[in-house]
Amino acid sequence: MGKRTLTRFQKISGTADKLINLNIQQRTIQQKKHLLTNSITSSSTMANTNLHGEDLIRHCGLNDIGKAVEQMDSQSFHRLIAVKLASHGFDVPPATNGQREAENQVMHLASDLFRRYAEQSRLLTGHLNPPDRRIQDFLDDALSTTGVSIALPTNAINMDRYGMARKLSIPEDPSIDEFHNSENSSYRLCNGVLHNPFNDRRTTKGVFHIADYGLPVPADKIKVPLITYAKLLEAALKPPDDLNLLPYTSQWKNPVESMVSLMLRPLVCPEVPGVSPEKRLEVRFFVPGGCVSNLDFVESIFGNAGDPSLPENDAGIDTNHWTGTSGCVILAPHIRKLKKKDVGLPHVTEATEDQKKTGMCWENEDELYNGGTPFKITLRDKRGIMVTILADNYFGYCKKEVKTQIGLSANIYGLAEEEHAGGAVAFKSYSLGTHFYPDEAIVGSSHTFEEALELLGNSVTVHPTGYATDKKYNNIHILPEDIEVDLNDQAATWTKGGVKQSLRILPGHEYLHPSGYKIRLQKHPASTAYKLIGTAPEGTYCHKPSTVSGGGKSEISKSLNDAVIYGAIYTSDFETDMKMVKEIIERDYSNCFKPEYAKLQSRSPSRKILSMERSLGSVVKLLTPKNEYTNEHLDFIETIPYRISSIVFAIKRFYKPSWGKDWMSHFSVDIVNGAKGHELKLDGRKLAGSYLRVGHDHINGGWRTFKLRQDFISADKVQMEDDITASVVVPRERIKGLREDYSMFPSLKISQNCEWRLFQRPDDAIFPGFDKQTEDDLAGEQIFVSNFKPIYEEEMRDLSEQVDFFEIFTDPMKKHMHRCLKEGGVNICSAKPRIWHGEVTKNPRYLQVRPDVARPRDKYLAQLGTRLYRKLPATAPCVFPVAGVIGGRRNNPPDEINGMKILPLCVFNPIHYQEIPELFIDYVCSVTGKSPSTTGAGSEGALTKGPFNAINATADLNNALVSMILTGYGGFSSAAGYIGPNYKVDHDLSLLIPEVWCRMTPEERSPENLIKNGALEKLDDYEMVTPEGGKRTVLASRLGYRITDKFVSHYFGRIFDNPCAAINEEMLKPEVQSLEVFADGVDNLVEAERKSALNYFKDGTIKYACPLLKIILHVMAYGNYEGKTLDDPEIRAMFTREAVLKSDWYKKRLVTKQQRDIVLGMRNIKALEDFLGRPGYQVEATRLGIHQRLVDAQRELARVSSESYLDELVGTLGADPIVDDE
């Protein structure tokens, strides 16, 4: 009966589909024609992130160029909503728009179908779609002992396409721009929506509750009786009518009151091309109708996975991409009003000591659960199914819960990690001055134009003159290997068939050498001058994991350009300085190299500084100390003041051949008050130098600024991560096409962002014109903003007329404010956050389209250059593995806030390196200093994931430990906030780290080489006299190694003219600023680490730690492991890759992964066979290729069941066995 009814449903829905699509845009008609239950149209399987066109728009509301768009016009969307609500049996009022007659006729003709559809839906009460059935079966089993019967909603309105939730979050009536209920205030903006939830932020204190079922409850979470969870869930699924009211229908005669739902398929394990496909879990959301804006929020971040009732969206038969795990999130802010007594908690006289401590009991009958404050509670076990209730609708809870579910899925599935990380691929760039010559040292000698054309195939158009243009972006060109570019002629030249050819170079265009090296023409931001920019073809992927609040997770991917300050180039005494400059320019450099290095030079060192055969970069290198130079040349360099070398570089940058030897006449200074000034001019035009801020001057006040090298240009970056990262570790040899740059890493990490949009907090946007990116974003289309002030027309006009306020904004925000005045209604201004409890909120938020998605050309160009460099065909994947691991710390000096002392934590210099044991002592605790998000030193939990980890932190720590050892990445970290008590640096260094790293070779980044060359120094424990006259040991060795002046002069010297002034001795040795503060800071760090480690002994999860993690935890808690310290050679040897690969515990991880894959494979085969066995599904089986999926699944099961599969897993994470021990 049920199956026959479903077939009839399909016919009814198909008829409704035809009626609706009479008036829907053509591109919507082409989507899908198969419908089932409450869906009108469907979406393709979301297992593939390579979505394009309509599929991408339907999934996340973005087109192929990263612009936010709607899939259909507003009228079509309204028709779709009307049909969806009518098909659920709701009373839909007649249309009132311009086409109301035709639309009402359609609705009238289909009314019998809708009633019939609704009636048969009632007959199918209890029938669940596949993901809901999996979740329901789990709940039935887990709660079987409680006596509480739970049924997931079968009549919730499903958001089966992106954008529907947003439409439903605002009244349909266009004359009404706002909606309010007890949990949210929503506003229709001229360019998007504003949603202000009841609470303006998320809290992490006492918020994470876990049902006493399945896996152990970690000590930092609150254990809740299973019966209490069941009663909370029962109440969660019964929202009050006022909260269930759907905002879209709030003005209707009969408003709709219903829960709404959504399906997500978040990424868990990235694809490794040629090795393994990407893996995803399934997550179902159920929320009251009045909180539908939360679904708009999560689908904007993770994408909409379509109708869960349709077989193409069933993860259970998506056997190539499903992790086998399922999640469910139920939003229920109304349960904050439940009383402890009513949810089954015991009276205090019957409670255990633990329940008394955590508040899981009551003394007064009126006591509210969790004091009536926000919380979340979850139920999960080793099957990898987790059902979470969120008792607050602040948007951050929803996002972080998906993060939590991704983490559980990664731990169950194996191979993968969910990381709290930021990251970017940085491509070093240089100012080439006025001329580019294909020096072998820059572009090599093994790349040819013919080879490039063969690699790129039909992706380029070849021109008769002998160059090619990319077909996708016609401002990207590939030129022959003998290309030269001259800014003075504004031309690129090469030869073809012995004939010189030329091409005018233009701003906004990119010119690629066959090696992938990129050249562009760019205007100086502070002058009218143009310059040539060169960018390397191979980037450096800087991965920033386990980064604490305020540690620079986002800053690593931000461009340095916004931080650069432009000012004059100064002379001390013009005549004296220019005399010295002339001597340097006219000097003979023939013998500057040591004999053994001279013969290795591809071009003669005798080239004059102003010769067009010598580039600006070559001149900078010539005057920078290097081991290859003779002592005589090094002594000469030592005599050159920094201001003089800056002038030399500036002259080289602007020199023109037509000047000949008369270059000096083009430079001058003004006469000021009868005396010669100090600002250098070129032909009467003031020259501009680039400066960068590096901290605050604690003595004189103001910021410390330092001149950047004349050839320095900030790196081109492609953002790869920001917050929720999925990563996988694979043996290097399995990734094809990599160059020798990665040869030092036996295994490599592939990381991918899990989010389409980032939930940004634009702290600096309150200052008009300061945060240019935010102002541009908020002036765009289809924005989602929260915690901003709703501004009505009168106030917007007032703001626009305040010239000292309005004129400071960037042009996009000015245009936006004028647009708001023209269109009227409610809107927002980037500098006006919401007023919450009488104060301006410190947590304004908006969803920003991920930068690499918003700027697809940048990513395409980066891949194109790398492709040519690696000699990869256009059809081959271009993978960017992690090349450097640089975590982030937040440091603070001693302080006091409202009478509360803030302990110092400012012991790190700009960059530290820690070997694995010390690094993981740091990672276990993840201690942070005071930041905009925190109030003082404290632990953020293992890997900074304490508030988001639903199982024992040992699983994540075991995975991270194995990952670092297998890959061989050095564990570096950078400092933010303060360096010592005196140097406030905020994120100045966070921005700089990628610039330094991408300018170092892989060998230079090697910790072993840095230590050997004196660029890193080890910190040792030392004795310090106490105030009482005794002695105490300061465990400074916990800090590992730190950079020295050699590192600064050599590597920061590639950025600054005077690096040792920018990073001075007091910054390199914070104890020089205050030995007492330094010692206190180390003590505070060690104590926080001890407390963190003791939790693993308290809750018993120490037994789930791998042997290496057990050693670390014992040392943190008790100072030794079986009487041995970390300095013991035997202990140290256990942390090597070779020792890990030979260990039984690592082999167990591989066996565990194999066993889980076998179980999942058998489950997949059964699901496919069951589908093929369904009566009436033959056509669907053929359409979806189920027969071939079954063949593939059987082949995969045979592969993972073989002995050779264990060999394939060597060099990977395998799977942590913790869940199998329970």
# chains A, B, ... in the order shown; residues from 1 in each chain; ligands from 1

$ residues_around --residues "region 666-674 of chain A" --least-positions-apart "6" --cutoff "10 Å" --atoms "only C-alpha atoms" --output "list of chain:residue names"
A:Tyr570, A:Thr571, A:Asp573, A:Phe574, A:Glu575, A:Met578, A:Ile651, A:Tyr655, A:Trp659, A:Leu680, A:Lys681, A:Leu682, A:Asp683, A:Gly684, A:Arg685, A:Lys686, A:Leu687

$ select_by_dssp --residues "region 795-960 of chain A" --states "strand (DSSP E or B)" --output "PyMOL selection string"
chain A and resi 827+833+835-836+839-840+845-849+884-890+892+895-897+900-902+905+911-914+927-928+931+934+938-939

$ closest_residue --among "A:Trp663, A:Gly53, A:Tyr923, A:Leu738" --to "Asp956 (chain A)" --atoms "only C-alpha atoms"
A:Tyr923

$ closest_residue --among "A:Glu823, A:Asp212, A:Glu299, A:Asp852" --to "Tyr229 (chain A)" --atoms "only C-alpha atoms"
A:Asp212

$ residues_around --residues "Met164 (chain A)" --least-positions-apart "5" --cutoff "12 Å" --atoms "only C-alpha atoms" --output "PyMOL selection string"
chain A and resi 58-61+70-74+76-82+84-85+157-159+169-170+248+260-262+292-293+295-297+299-300+304+306

$ write_last_selection --atoms "C-alpha atoms" --output "PDB file, in the first residue's frame"
ATOM      1  CA  ARG A  58      20.872  25.998  -6.316  1.00  0.00           C
ATOM      2  CA  HIS A  59      23.398  24.634  -3.828  1.00  0.00           C
ATOM      3  CA  CYS A  60      24.734  27.865  -2.310  1.00  0.00           C
ATOM      4  CA  GLY A  61      23.390  30.887  -4.198  1.00  0.00           C
ATOM      5  CA  GLU A  70      19.062  34.222  -6.886  1.00  0.00           C
ATOM      6  CA  GLN A  71      18.120  31.170  -8.916  1.00  0.00           C
ATOM      7  CA  MET A  72      14.854  32.724  -9.995  1.00  0.00           C
ATOM      8  CA  ASP A  73      13.106  36.055  -9.807  1.00  0.00           C
ATOM      9  CA  SER A  74      11.044  36.967  -6.767  1.00  0.00           C
ATOM     10  CA  SER A  76       8.791  32.739  -9.384  1.00  0.00           C
ATOM     11  CA  PHE A  77      10.041  32.140  -5.877  1.00  0.00           C
ATOM     12  CA  HIS A  78       6.714  33.280  -4.446  1.00  0.00           C
ATOM     13  CA  ARG A  79       4.895  30.866  -6.781  1.00  0.00           C
ATOM     14  CA  LEU A  80       7.138  28.057  -5.656  1.00  0.00           C
ATOM     15  CA  ILE A  81       6.514  28.826  -1.986  1.00  0.00           C
ATOM     16  CA  ALA A  82       2.762  29.048  -2.566  1.00  0.00           C
ATOM     17  CA  LYS A  84       4.902  24.114  -1.452  1.00  0.00           C
ATOM     18  CA  LEU A  85       2.698  25.444   1.344  1.00  0.00           C
ATOM     19  CA  ILE A 157       8.477  22.051   5.454  1.00  0.00           C
ATOM     20  CA  ASN A 158      11.734  21.153   3.778  1.00  0.00           C
ATOM     21  CA  MET A 159      14.015  23.846   2.367  1.00  0.00           C
ATOM     22  CA  SER A 169      12.260  34.621   7.011  1.00  0.00           C
ATOM     23  CA  ILE A 170      10.622  37.931   5.974  1.00  0.00           C
ATOM     24  CA  TYR A 248       6.601  34.881   5.431  1.00  0.00           C
ATOM     25  CA  VAL A 260      10.989  23.651   8.832  1.00  0.00           C
ATOM     26  CA  SER A 261      13.907  21.420   7.885  1.00  0.00           C
ATOM     27  CA  LEU A 262      17.074  21.348   5.822  1.00  0.00           C
ATOM     28  CA  VAL A 292      13.871  29.745   9.646  1.00  0.00           C
ATOM     29  CA  SER A 293      16.607  32.405   9.367  1.00  0.00           C
ATOM     30  CA  LEU A 295      18.492  27.615   8.029  1.00  0.00           C
ATOM     31  CA  ASP A 296      19.284  30.532   5.723  1.00  0.00           C
ATOM     32  CA  PHE A 297      22.470  30.955   7.743  1.00  0.00           C
ATOM     33  CA  GLU A 299      22.830  26.684   4.057  1.00  0.00           C
ATOM     34  CA  SER A 300      24.721  29.856   3.099  1.00  0.00           C
ATOM     35  CA  ASN A 304      21.793  23.125   0.447  1.00  0.00           C
ATOM     36  CA  GLY A 306      18.298  19.297  -1.696  1.00  0.00           C
TER      37      GLY A 306
END

$ residues_around --residues "region 1116-1122 of chain A" --least-positions-apart "5" --cutoff "7 Å" --atoms "only C-alpha atoms" --output "PDB file with N, CA, C and O atoms, in the first residue's frame"
ATOM      1  N   ILE A 921      52.548  19.478  23.957  1.00  0.00           N
ATOM      2  CA  ILE A 921      52.205  20.051  25.267  1.00  0.00           C
ATOM      3  C   ILE A 921      51.432  21.351  25.037  1.00  0.00           C
ATOM      4  O   ILE A 921      50.428  21.627  25.703  1.00  0.00           O
ATOM      5  N   GLU A1089      49.071  24.195  31.568  1.00  0.00           N
ATOM      6  CA  GLU A1089      49.305  22.897  30.924  1.00  0.00           C
ATOM      7  C   GLU A1089      49.069  21.753  31.904  1.00  0.00           C
ATOM      8  O   GLU A1089      48.491  20.714  31.555  1.00  0.00           O
ATOM      9  N   ARG A1090      49.494  21.924  33.144  1.00  0.00           N
ATOM     10  CA  ARG A1090      49.308  20.883  34.157  1.00  0.00           C
ATOM     11  C   ARG A1090      47.818  20.634  34.405  1.00  0.00           C
ATOM     12  O   ARG A1090      47.365  19.486  34.447  1.00  0.00           O
ATOM     13  N   ALA A1093      46.190  18.753  31.526  1.00  0.00           N
ATOM     14  CA  ALA A1093      46.554  17.341  31.464  1.00  0.00           C
ATOM     15  C   ALA A1093      45.853  16.530  32.549  1.00  0.00           C
ATOM     16  O   ALA A1093      45.462  15.373  32.327  1.00  0.00           O
ATOM     17  N   LEU A1094      45.676  17.095  33.711  1.00  0.00           N
ATOM     18  CA  LEU A1094      45.055  16.359  34.817  1.00  0.00           C
ATOM     19  C   LEU A1094      43.626  15.926  34.491  1.00  0.00           C
ATOM     20  O   LEU A1094      43.143  14.921  35.030  1.00  0.00           O
ATOM     21  N   ILE A1111      52.764   9.771  27.181  1.00  0.00           N
ATOM     22  CA  ILE A1111      54.018  10.337  27.687  1.00  0.00           C
ATOM     23  C   ILE A1111      53.863  11.839  27.893  1.00  0.00           C
ATOM     24  O   ILE A1111      54.224  12.389  28.946  1.00  0.00           O
TER      25      ILE A1111
END

$ residues_around --residues "region 1003-1016 of chain A" --least-positions-apart "4" --cutoff "6 Å" --atoms "only C-alpha atoms" --output "list of chain:residue names"
A:Tyr1041, A:Arg1042, A:Ile1043, A:Thr1044, A:Lys1046, A:Phe1047

$ select_by_dssp --residues "region 915-1160 of chain A" --states "helix (DSSP H, G or I)" --output "PyMOL selection string"
chain A and resi 916-925+942-944+946-948+953-967+988-998+1002-1005+1007-1012+1036-1039+1045-1054+1059-1062+1065-1068+1070-1072+1075-1098+1101-1104+1107-1118+1129-1133+1137-1142+1144-1160

$ write_last_selection --atoms "C-alpha atoms" --output "CSV table (one decimal), in the first residue's frame"
chain,number,residue,atom,x,y,z
A,916,ILE,CA,56.9,17.2,18.7
A,917,PRO,CA,56.8,16.7,22.5
A,918,GLU,CA,56.9,20.4,23.4
A,919,LEU,CA,54.6,21.2,20.5
A,920,PHE,CA,51.9,18.9,21.7
A,921,ILE,CA,52.2,20.1,25.3
A,922,ASP,CA,51.2,23.4,23.7
A,923,TYR,CA,48.5,21.8,21.5
A,924,VAL,CA,46.9,19.8,24.4
A,925,CYS,CA,46.5,23.0,26.5
A,942,ALA,CA,42.9,20.4,23.0
A,943,LEU,CA,43.8,21.9,19.6
A,944,THR,CA,41.6,24.9,20.5
A,946,GLY,CA,37.5,22.3,23.6
A,947,PRO,CA,34.0,23.8,23.2
A,948,PHE,CA,33.3,21.9,20.0
A,953,ALA,CA,39.9,14.9,22.9
A,954,THR,CA,42.4,12.0,22.8
A,955,ALA,CA,41.0,11.0,19.4
A,956,ASP,CA,41.8,14.4,17.8
A,957,LEU,CA,45.1,14.6,19.6
A,958,ASN,CA,46.1,11.1,18.5
A,959,ASN,CA,45.3,12.0,14.9
A,960,ALA,CA,47.2,15.3,15.0
A,961,LEU,CA,50.2,13.7,16.6
A,962,VAL,CA,50.4,11.0,14.0
A,963,SER,CA,49.8,13.6,11.3
A,964,MET,CA,52.8,15.8,12.4
A,965,ILE,CA,55.1,12.8,12.8
A,966,LEU,CA,54.2,11.2,9.5
A,967,THR,CA,54.5,14.4,7.4
A,988,ASP,CA,51.5,42.9,12.6
A,989,LEU,CA,53.6,39.7,12.8
A,990,SER,CA,50.7,37.4,11.8
A,991,LEU,CA,50.5,39.2,8.5
A,992,LEU,CA,54.2,39.0,8.0
A,993,ILE,CA,54.7,35.2,8.5
A,994,PRO,CA,53.5,34.1,5.1
A,995,GLU,CA,55.7,36.8,3.5
A,996,VAL,CA,58.7,35.3,5.2
A,997,TRP,CA,57.8,31.7,4.7
A,998,CYS,CA,57.2,32.0,0.9
A,1002,PRO,CA,62.1,24.3,1.6
A,1003,GLU,CA,65.7,23.7,2.8
A,1004,GLU,CA,65.8,27.1,4.5
A,1005,ARG,CA,62.5,26.3,6.3
A,1007,PRO,CA,64.2,23.3,11.5
A,1008,GLU,CA,67.4,21.2,11.4
A,1009,ASN,CA,69.1,23.6,9.0
A,1010,LEU,CA,67.9,26.7,10.9
A,1011,ILE,CA,69.3,25.2,14.2
A,1012,LYS,CA,72.5,24.3,12.5
A,1036,ALA,CA,61.7,27.7,29.7
A,1037,SER,CA,62.5,24.5,27.7
A,1038,ARG,CA,58.7,24.2,27.2
A,1039,LEU,CA,59.1,27.1,24.7
A,1045,ASP,CA,69.2,37.8,15.0
A,1046,LYS,CA,70.6,35.6,12.2
A,1047,PHE,CA,67.1,34.6,11.2
A,1048,VAL,CA,66.0,38.2,11.3
A,1049,SER,CA,68.9,39.6,9.2
A,1050,HIS,CA,68.7,36.8,6.7
A,1051,TYR,CA,65.0,36.2,6.2
A,1052,PHE,CA,63.3,39.3,7.5
A,1053,GLY,CA,66.0,41.0,5.5
A,1054,ARG,CA,64.1,39.9,2.4
A,1059,PRO,CA,65.3,44.1,9.6
A,1060,CYS,CA,67.3,44.2,12.9
A,1061,ALA,CA,65.6,47.5,13.8
A,1062,ALA,CA,62.2,46.1,13.0
A,1065,GLU,CA,66.9,42.3,20.6
A,1066,GLU,CA,64.2,43.1,23.1
A,1067,MET,CA,61.7,41.4,20.9
A,1068,LEU,CA,64.0,38.4,20.2
A,1070,PRO,CA,61.5,39.0,25.9
A,1071,GLU,CA,63.2,38.3,29.2
A,1072,VAL,CA,65.4,41.3,28.6
A,1075,LEU,CA,62.9,38.8,33.7
A,1076,GLU,CA,60.2,38.6,36.4
A,1077,VAL,CA,57.4,38.9,33.9
A,1078,PHE,CA,59.0,36.3,31.7
A,1079,ALA,CA,59.4,33.9,34.6
A,1080,ASP,CA,55.8,34.5,35.7
A,1081,GLY,CA,54.6,33.9,32.2
A,1082,VAL,CA,56.4,30.6,31.9
A,1083,ASP,CA,55.0,29.6,35.2
A,1084,ASN,CA,51.5,30.5,34.2
A,1085,LEU,CA,51.9,28.5,31.0
A,1086,VAL,CA,53.2,25.4,32.8
A,1087,GLU,CA,50.4,25.6,35.4
A,1088,ALA,CA,47.7,25.9,32.7
A,1089,GLU,CA,49.3,22.9,30.9
A,1090,ARG,CA,49.3,20.9,34.2
A,1091,LYS,CA,45.6,21.6,34.8
A,1092,SER,CA,44.7,20.6,31.3
A,1093,ALA,CA,46.6,17.3,31.5
A,1094,LEU,CA,45.1,16.4,34.8
A,1095,ASN,CA,41.6,16.3,33.2
A,1096,TYR,CA,42.6,13.2,31.2
A,1097,PHE,CA,43.5,11.4,34.4
A,1098,LYS,CA,40.3,12.6,36.1
A,1101,THR,CA,40.4,9.2,29.0
A,1102,ILE,CA,44.2,8.8,29.5
A,1103,LYS,CA,43.7,5.2,28.6
A,1104,TYR,CA,42.6,6.2,25.1
A,1107,PRO,CA,51.6,5.8,23.8
A,1108,LEU,CA,53.2,9.0,22.7
A,1109,LEU,CA,50.3,11.1,23.9
A,1110,LYS,CA,50.4,9.3,27.2
A,1111,ILE,CA,54.0,10.3,27.7
A,1112,ILE,CA,53.2,14.0,26.9
A,1113,LEU,CA,50.2,14.0,29.3
A,1114,HIS,CA,52.2,12.4,32.1
A,1115,VAL,CA,55.0,15.0,31.7
A,1116,MET,CA,52.5,17.8,31.7
A,1117,ALA,CA,50.7,16.6,34.8
A,1118,TYR,CA,53.5,15.1,36.8
A,1129,PRO,CA,67.1,9.9,24.6
A,1130,GLU,CA,64.9,6.8,24.8
A,1131,ILE,CA,61.8,8.9,25.1
A,1132,ARG,CA,62.9,11.2,22.4
A,1133,ALA,CA,63.5,8.4,19.9
A,1137,ARG,CA,58.6,8.6,12.0
A,1138,GLU,CA,60.5,5.4,11.8
A,1139,ALA,CA,59.6,4.4,15.4
A,1140,VAL,CA,55.9,5.2,14.8
A,1141,LEU,CA,55.7,3.1,11.6
A,1142,LYS,CA,57.2,0.1,13.4
A,1144,ASP,CA,52.1,-1.9,17.2
A,1145,TRP,CA,49.8,1.0,18.2
A,1146,TYR,CA,50.2,2.6,14.7
A,1147,LYS,CA,49.6,-0.8,13.0
A,1148,LYS,CA,46.4,-1.1,15.1
A,1149,ARG,CA,45.2,2.2,13.6
A,1150,LEU,CA,45.6,0.8,10.1
A,1151,VAL,CA,43.8,-2.4,11.0
A,1152,THR,CA,41.0,-0.4,12.6
A,1153,LYS,CA,40.6,1.7,9.4
A,1154,GLN,CA,40.5,-1.5,7.3
A,1155,GLN,CA,37.9,-3.0,9.6
A,1156,ARG,CA,35.7,0.1,9.4
A,1157,ASP,CA,36.0,0.2,5.7
A,1158,ILE,CA,34.9,-3.4,5.4
A,1159,VAL,CA,31.9,-2.8,7.6
A,1160,LEU,CA,31.0,0.4,5.6

$ residues_around --residues "region 829-838 of chain A" --least-positions-apart "4" --cutoff "8 Å" --atoms "only C-alpha atoms" --output "VMD selection string"
chain A and resid 200 765 to 768 774 to 775 778 787 to 791 813 817 842 844

$ atom_distance --atom1 "CA of Arg1163 (chain A)" --atom2 "CA of Thr325 (chain A)"
11.8 Å

$ residues_around --residues "region 1168-1174 of chain A" --least-positions-apart "2" --cutoff "12 Å" --atoms "only C-alpha atoms" --output "ChimeraX atom specification"
/A:2-4,6-7,130,311-312,314-320,1161-1166,1176-1194

$ closest_atom_pairs --of "region 443-547 of chain A" --to "region 870-876 of chain A" --cutoff "10 Å" --atoms "only C-alpha atoms" --output "JSON lines"
{"residue": "A:His447", "atom": "CA", "partner": "A:Lys871", "partner_atom": "CA", "distance": 8.4}
{"residue": "A:Glu451", "atom": "CA", "partner": "A:Lys871", "partner_atom": "CA", "distance": 8.3}
{"residue": "A:Ala452", "atom": "CA", "partner": "A:Lys871", "partner_atom": "CA", "distance": 7.7}
{"residue": "A:Leu453", "atom": "CA", "partner": "A:Pro873", "partner_atom": "CA", "distance": 9.5}
{"residue": "A:Glu454", "atom": "CA", "partner": "A:Pro873", "partner_atom": "CA", "distance": 7.8}
{"residue": "A:Leu455", "atom": "CA", "partner": "A:Pro873", "partner_atom": "CA", "distance": 4.3}
{"residue": "A:Leu456", "atom": "CA", "partner": "A:Ala874", "partner_atom": "CA", "distance": 4.9}
{"residue": "A:Gly457", "atom": "CA", "partner": "A:Ala874", "partner_atom": "CA", "distance": 6.9}
{"residue": "A:Asn458", "atom": "CA", "partner": "A:Ala874", "partner_atom": "CA", "distance": 8.8}
{"residue": "A:Ser459", "atom": "CA", "partner": "A:Ala874", "partner_atom": "CA", "distance": 7.4}
{"residue": "A:Pro514", "atom": "CA", "partner": "A:Lys871", "partner_atom": "CA", "distance": 9.4}
{"residue": "A:Ser515", "atom": "CA", "partner": "A:Arg870", "partner_atom": "CA", "distance": 8.3}
{"residue": "A:Gly516", "atom": "CA", "partner": "A:Arg870", "partner_atom": "CA", "distance": 8.6}
{"residue": "A:Pro537", "atom": "CA", "partner": "A:Arg870", "partner_atom": "CA", "distance": 9.0}
{"residue": "A:Glu538", "atom": "CA", "partner": "A:Arg870", "partner_atom": "CA", "distance": 8.4}

$ write_last_selection --atoms "N, CA, C and O atoms" --output "compact mmCIF listing (two decimals), in the first residue's frame"
# COMPACT_ATOMS: atom_id res chain seq x y z
N HIS A 447 61.82 25.07 -19.54
CA HIS A 447 60.45 25.29 -19.99
C HIS A 447 60.45 26.01 -21.34
O HIS A 447 61.13 27.03 -21.50
N GLU A 451 56.21 23.50 -25.41
CA GLU A 451 55.80 22.56 -24.38
C GLU A 451 54.58 23.10 -23.62
O GLU A 451 53.64 22.34 -23.30
N ALA A 452 54.58 24.40 -23.36
CA ALA A 452 53.45 25.01 -22.66
C ALA A 452 52.17 24.86 -23.47
O ALA A 452 51.10 24.55 -22.93
N LEU A 453 52.26 25.08 -24.78
CA LEU A 453 51.07 24.93 -25.63
C LEU A 453 50.56 23.50 -25.63
O LEU A 453 49.35 23.25 -25.62
N GLU A 454 51.48 22.56 -25.62
CA GLU A 454 51.08 21.15 -25.60
C GLU A 454 50.37 20.82 -24.29
O GLU A 454 49.37 20.09 -24.26
N LEU A 455 50.85 21.38 -23.18
CA LEU A 455 50.23 21.13 -21.89
C LEU A 455 48.84 21.75 -21.80
O LEU A 455 47.91 21.14 -21.26
N LEU A 456 48.70 22.96 -22.33
CA LEU A 456 47.44 23.69 -22.18
C LEU A 456 46.41 23.30 -23.21
O LEU A 456 45.21 23.56 -23.02
N GLY A 457 46.82 22.68 -24.32
CA GLY A 457 45.88 22.17 -25.31
C GLY A 457 44.95 23.25 -25.83
O GLY A 457 45.37 24.37 -26.14
N ASN A 458 43.66 22.92 -25.91
CA ASN A 458 42.70 23.87 -26.48
C ASN A 458 42.16 24.86 -25.46
O ASN A 458 41.16 25.52 -25.71
N SER A 459 42.83 24.99 -24.31
CA SER A 459 42.40 25.99 -23.33
C SER A 459 42.94 27.37 -23.66
O SER A 459 42.60 28.33 -22.98
N PRO A 514 56.71 30.58 -19.99
CA PRO A 514 56.36 29.15 -20.03
C PRO A 514 56.67 28.40 -18.74
O PRO A 514 56.12 27.32 -18.50
N SER A 515 57.51 28.97 -17.88
CA SER A 515 57.81 28.35 -16.59
C SER A 515 56.70 28.59 -15.58
O SER A 515 56.73 28.05 -14.48
N GLY A 516 55.71 29.44 -15.93
CA GLY A 516 54.65 29.79 -15.00
C GLY A 516 54.91 31.09 -14.26
O GLY A 516 54.04 31.57 -13.55
N PRO A 537 55.85 30.99 -9.69
CA PRO A 537 54.80 30.07 -10.12
C PRO A 537 54.38 29.06 -9.05
O PRO A 537 53.27 28.57 -9.08
N GLU A 538 55.28 28.73 -8.14
CA GLU A 538 54.97 27.75 -7.09
C GLU A 538 54.79 28.47 -5.77
O GLU A 538 55.66 29.22 -5.35

$ closest_residue --among "A:Val619, A:Val927, A:Ala862, A:Leu634" --to "Glu940 (chain A)" --atoms "only C-alpha atoms"
A:Val927

$ atom_distance --atom1 "CA of Val298 (chain A)" --atom2 "CA of Val69 (chain A)"
17.0 Å

$ closest_residue --among "A:Gly214, A:Gly968, A:Gly396, A:Gly689" --to "Arg643 (chain A)" --atoms "only C-alpha atoms"
A:Gly689

$ closest_residue --among "A:Ala883, A:Leu390, A:Leu128, A:Ala165" --to "Ser309 (chain A)" --atoms "only C-alpha atoms"
A:Leu128
